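Colleague: Have a look at the structure that comes next, please.
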Amino acid sequence: MKTRLQITMVVLLSIASACQKVILFSKGIRNPTIKSETDIREFLRERKIPSYDGSFVVRDSISFINLVKKVKTFPGVAFFSPFGEHILINDSTYCAGVAHTFSMNLQSESSYPVDSSFLLEELTGLVRSLESDHNLLEEEGAIVVMGFWATYFGSVNENVFGVLEAASRNPNVKTRIYLVNIDFLESWGLKTKLNYKIN
């Protein structure tokens with residue numbers, strides 16, 4: 001399982017866009033380590049990051065692999081229509097400026113190009129709540145904004161958190177905003193130390 005996770009991590013980083021690679025190597029990215037849920041909560045609390053409509057972690061190592069296949073680029077933000085379809089923005093890869101501008105310009109009455117092969121429903125089985133009272137909910141008329149982040153992404157996380165904040169302040173759209181942490185967790189039963197190095 002450790003080898004599979006390391007391969008997934010290599011793939012995850014290798015598919016990053018040129019824009020993202022520049023960000024990754026200049027913003028304090030660290031080697032991934034195995035974290036506890038307490039570590040995740042403390043990270044958010046220390047930085048005063050709101051949980052918005054819910055904060056989630058990946059359910060297990062298999063779910064992590066399946067999540068990477070769907071979302072493909074981390075850290076990043078995914079937008080879903082009120083019908084749960086993945087909204088395509090004007091850049092097929094994640095760049096903070098594009099996502100930030102998109103979130104500020106979202107409007108409830110507008111229609112957006114969507115990828116019907118990637119549905120919000122598919123993510124619900126891959127993640128679980130960091131807090132017991134949060135659920136992934138589709139709400140009529142609401143666009144869902146999901147921010148994918150990890151403690152080892154350093155200050156690159158600020159790009160993701162900034163996009164979520166911009167979406168939350170947009171008065172022209174009804175949103176549900178979720179944080180999804182993608183750290184490797186103790187609860188996955190990983191007994192050995194991760195030794196994949198980002199270089």
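Each chain in the structure tokens gets a letter, A, B and so on, in the order shown; residues start at 1 in every chain, and ligands are counted from 1 in the order they appear.
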Show which residues sit within 6 Å of segment 103-111 of chain A, as number ranges by chain. Count only C-alpha atoms, and ignore same-chain residues fewer than 2 positions away.

Modeller: A: 100-101, 166-167, 170, 172-173

Colleague: Select from segment 37-140 of chain A everything DSSP, run on the backbone, classes as helix (DSSP H, G or I), then give the selection as a VMD selection string.

Modeller: chain A and resid 37 to 46 61 to 71 96 to 105 120 to 124

Colleague: Just the residues within 10 Å of Leu123 of chain A, please, counting only C-alpha atoms, with nothing from its chain fewer than 4 positions along; format it as a list of chain:residue names.

Modeller: A:Val58, A:Ser63, A:Asn66, A:Leu67, A:Lys70, A:Val71, A:Phe118, A:Leu119, A:Val127, A:Arg128, A:Leu136

Colleague: Write a file of the selected residues as a PDB file, in the first residue's frame, keeping N, CA and C atoms.

Modeller:
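again-v1.pdb, freshly written:
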```
ATOM      1  N   VAL A  58      -9.970  12.556   3.743  1.00  0.00           N
ATOM      2  CA  VAL A  58     -10.154  11.409   2.861  1.00  0.00           C
ATOM      3  C   VAL A  58     -10.369  10.161   3.711  1.00  0.00           C
ATOM      4  N   SER A  63      -9.534   5.403  -1.152  1.00  0.00           N
ATOM      5  CA  SER A  63     -10.319   6.598  -1.490  1.00  0.00           C
ATOM      6  C   SER A  63      -9.407   7.717  -1.984  1.00  0.00           C
ATOM      7  N   ASN A  66      -8.567   7.057  -5.587  1.00  0.00           N
ATOM      8  CA  ASN A  66      -9.731   7.351  -6.434  1.00  0.00           C
ATOM      9  C   ASN A  66     -10.005   8.846  -6.529  1.00  0.00           C
ATOM     10  N   LEU A  67      -9.736   9.572  -5.442  1.00  0.00           N
ATOM     11  CA  LEU A  67      -9.914  11.022  -5.448  1.00  0.00           C
ATOM     12  C   LEU A  67      -8.930  11.684  -6.409  1.00  0.00           C
ATOM     13  N   LYS A  70     -10.000  11.474  -9.953  1.00  0.00           N
ATOM     14  CA  LYS A  70     -11.102  12.362 -10.310  1.00  0.00           C
ATOM     15  C   LYS A  70     -10.684  13.832 -10.329  1.00  0.00           C
ATOM     16  N   VAL A  71     -10.060  14.277  -9.241  1.00  0.00           N
ATOM     17  CA  VAL A  71      -9.750  15.703  -9.107  1.00  0.00           C
ATOM     18  C   VAL A  71      -8.487  16.069  -9.871  1.00  0.00           C
ATOM     19  N   PHE A 118     -18.238  13.748 -14.128  1.00  0.00           N
ATOM     20  CA  PHE A 118     -17.657  13.918 -12.796  1.00  0.00           C
ATOM     21  C   PHE A 118     -18.700  14.590 -11.917  1.00  0.00           C
ATOM     22  N   LEU A 119     -19.290  13.821 -11.009  1.00  0.00           N
ATOM     23  CA  LEU A 119     -20.379  14.315 -10.177  1.00  0.00           C
ATOM     24  C   LEU A 119     -19.962  14.432  -8.715  1.00  0.00           C
ATOM     25  N   VAL A 127     -14.817  10.742   1.083  1.00  0.00           N
ATOM     26  CA  VAL A 127     -14.434  11.608   2.199  1.00  0.00           C
ATOM     27  C   VAL A 127     -15.365  11.381   3.385  1.00  0.00           C
ATOM     28  N   ARG A 128     -14.888  11.788   4.557  1.00  0.00           N
ATOM     29  CA  ARG A 128     -15.722  11.750   5.762  1.00  0.00           C
ATOM     30  C   ARG A 128     -15.479  13.024   6.547  1.00  0.00           C
ATOM     31  N   LEU A 136     -21.814  16.415   3.365  1.00  0.00           N
ATOM     32  CA  LEU A 136     -21.793  16.999   2.029  1.00  0.00           C
ATOM     33  C   LEU A 136     -23.234  17.061   1.552  1.00  0.00           C
TER      34      LEU A 136
END
```

Colleague: Rank A:Val98, A:Leu190, A:Ile177, A:Ile182 by their smallest atom-to-atom distance to Asn159 of chain A, using only C-alpha atoms, and report the top residue only.

Modeller: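 Between A:Val98, A:Leu190, A:Ile177, A:Ile182, the residue approaching Asn159 of chain A most closely is A:Val98.
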
Colleague: Work out how far apart atom CA of Asn157 of chain A and atom CA of Val180 of chain A are and give it in Å to one decimal.

Modeller: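 Atom-to-atom, atom CA of Asn157 of chain A to atom CA of Val180 of chain A, that is 11.5 Å.
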
Colleague: Considering only C-alpha atoms, return as an MDAnalysis selection string whatever protein or nucleic-acid residues lie within 9 Å of Gly189 of chain A, sequence-local ones (same chain, fewer than 4 positions apart) excluded.

Modeller: chainID A and resid 60:61 185

Colleague: How about saving the chosen residues, N, CA and C atoms kept, as an mmCIF file, in the first residue's frame?

Modeller:
```cif
data_model
loop_
_atom_site.group_PDB
_atom_site.id
_atom_site.type_symbol
_atom_site.label_atom_id
_atom_site.label_comp_id
_atom_site.auth_asym_id
_atom_site.auth_seq_id
_atom_site.Cartn_x
_atom_site.Cartn_y
_atom_site.Cartn_z
ATOM 1 N N ASP A 60 -9.896 6.790 3.308
ATOM 2 C CA ASP A 60 -8.836 5.781 3.441
ATOM 3 C C ASP A 60 -7.901 5.885 2.239
ATOM 4 N N SER A 61 -6.877 5.033 2.205
ATOM 5 C CA SER A 61 -5.869 5.145 1.147
ATOM 6 C C SER A 61 -6.435 4.830 -0.236
ATOM 7 N N LEU A 185 -3.282 9.969 6.480
ATOM 8 C CA LEU A 185 -3.738 9.927 7.864
ATOM 9 C C LEU A 185 -3.376 8.645 8.593
#
```

Colleague: Enumerate, in order of chain and increasing residue number, the residues of segment 117-199 of chain A with an atom no farther than 6 Å from segment 26-50 of chain A, each with its shortest atom pair and distance in Å to one decimal, counting only C-alpha atoms, as a Markdown table.

Modeller:
```
| residue | atom | partner | partner_atom | distance |
| --- | --- | --- | --- | --- |
| A:Tyr152 | CA | A:Arg30 | CA | 4.9 |
| A:Phe153 | CA | A:Ile29 | CA | 4.8 |
| A:Gly154 | CA | A:Ile29 | CA | 5.1 |
| A:Ser155 | CA | A:Lys27 | CA | 5.6 |
| A:Val156 | CA | A:Lys27 | CA | 5.9 |
| A:Phe184 | CA | A:Ile34 | CA | 5.0 |
| A:Leu185 | CA | A:Lys35 | CA | 4.8 |
| A:Glu186 | CA | A:Ser36 | CA | 5.4 |
| A:Lys197 | CA | A:Asn31 | CA | 5.6 |
| A:Ile198 | CA | A:Asn31 | CA | 6.0 |
```

Colleague: What separation in Å, quoted to one decimal, exists between atom CA of Thr151 of chain A and atom CA of Asp183 of chain A?

Modeller: 6.7 Å

Colleague: Mind checking which residues fall within 8 Å of Ser81 of chain A, counting only C-alpha atoms, ignoring those fewer than 3 positions away in the same chain, and posting them as a PDB file with C-alpha atoms, in the first residue's frame?

Modeller:
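The file below, result-v4.pdb, is the result:
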```pdb
ATOM      1  CA  GLY A  84     -23.823  18.204  -8.748  1.00  0.00           C
ATOM      2  CA  GLU A  85     -21.963  18.406 -12.083  1.00  0.00           C
ATOM      3  CA  HIS A  86     -18.345  19.518 -12.200  1.00  0.00           C
ATOM      4  CA  ILE A  87     -18.155  23.079 -13.548  1.00  0.00           C
ATOM      5  CA  VAL A 114     -20.051  21.242 -17.016  1.00  0.00           C
ATOM      6  CA  ALA A 142     -26.427  26.379  -4.564  1.00  0.00           C
ATOM      7  CA  ILE A 143     -23.071  26.039  -6.288  1.00  0.00           C
ATOM      8  CA  VAL A 144     -20.724  23.780  -4.336  1.00  0.00           C
TER       9      VAL A 144
END
```

Colleague: Which residues, written as a list of chain:residue names, have at least one atom at most 7 Å from Val145 of chain A, with only C-alpha atoms counted and residues fewer than 6 positions away on the same chain left out?

Modeller: A:Val77, A:Ala78, A:Phe79, A:Phe80, A:Thr175, A:Arg176, A:Ile177, A:Tyr178

Colleague: Which one of A:Asn181, A:Ser116, A:Val163, A:Lys174 sits closest to Ala99 of chain A if you count only C-alpha atoms?

Modeller: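 Ranked by minimum distance to Ala99 of chain A, first place goes to A:Val163.
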
Colleague: Which of segment 29-175 of chain A end up as strand (DSSP E or B) when DSSP is run on this backbone - answer as a ChimeraX atom specification?

Modeller: /A:34-35,55-58,76-80,85-87,114-119,127-129,143-149,175
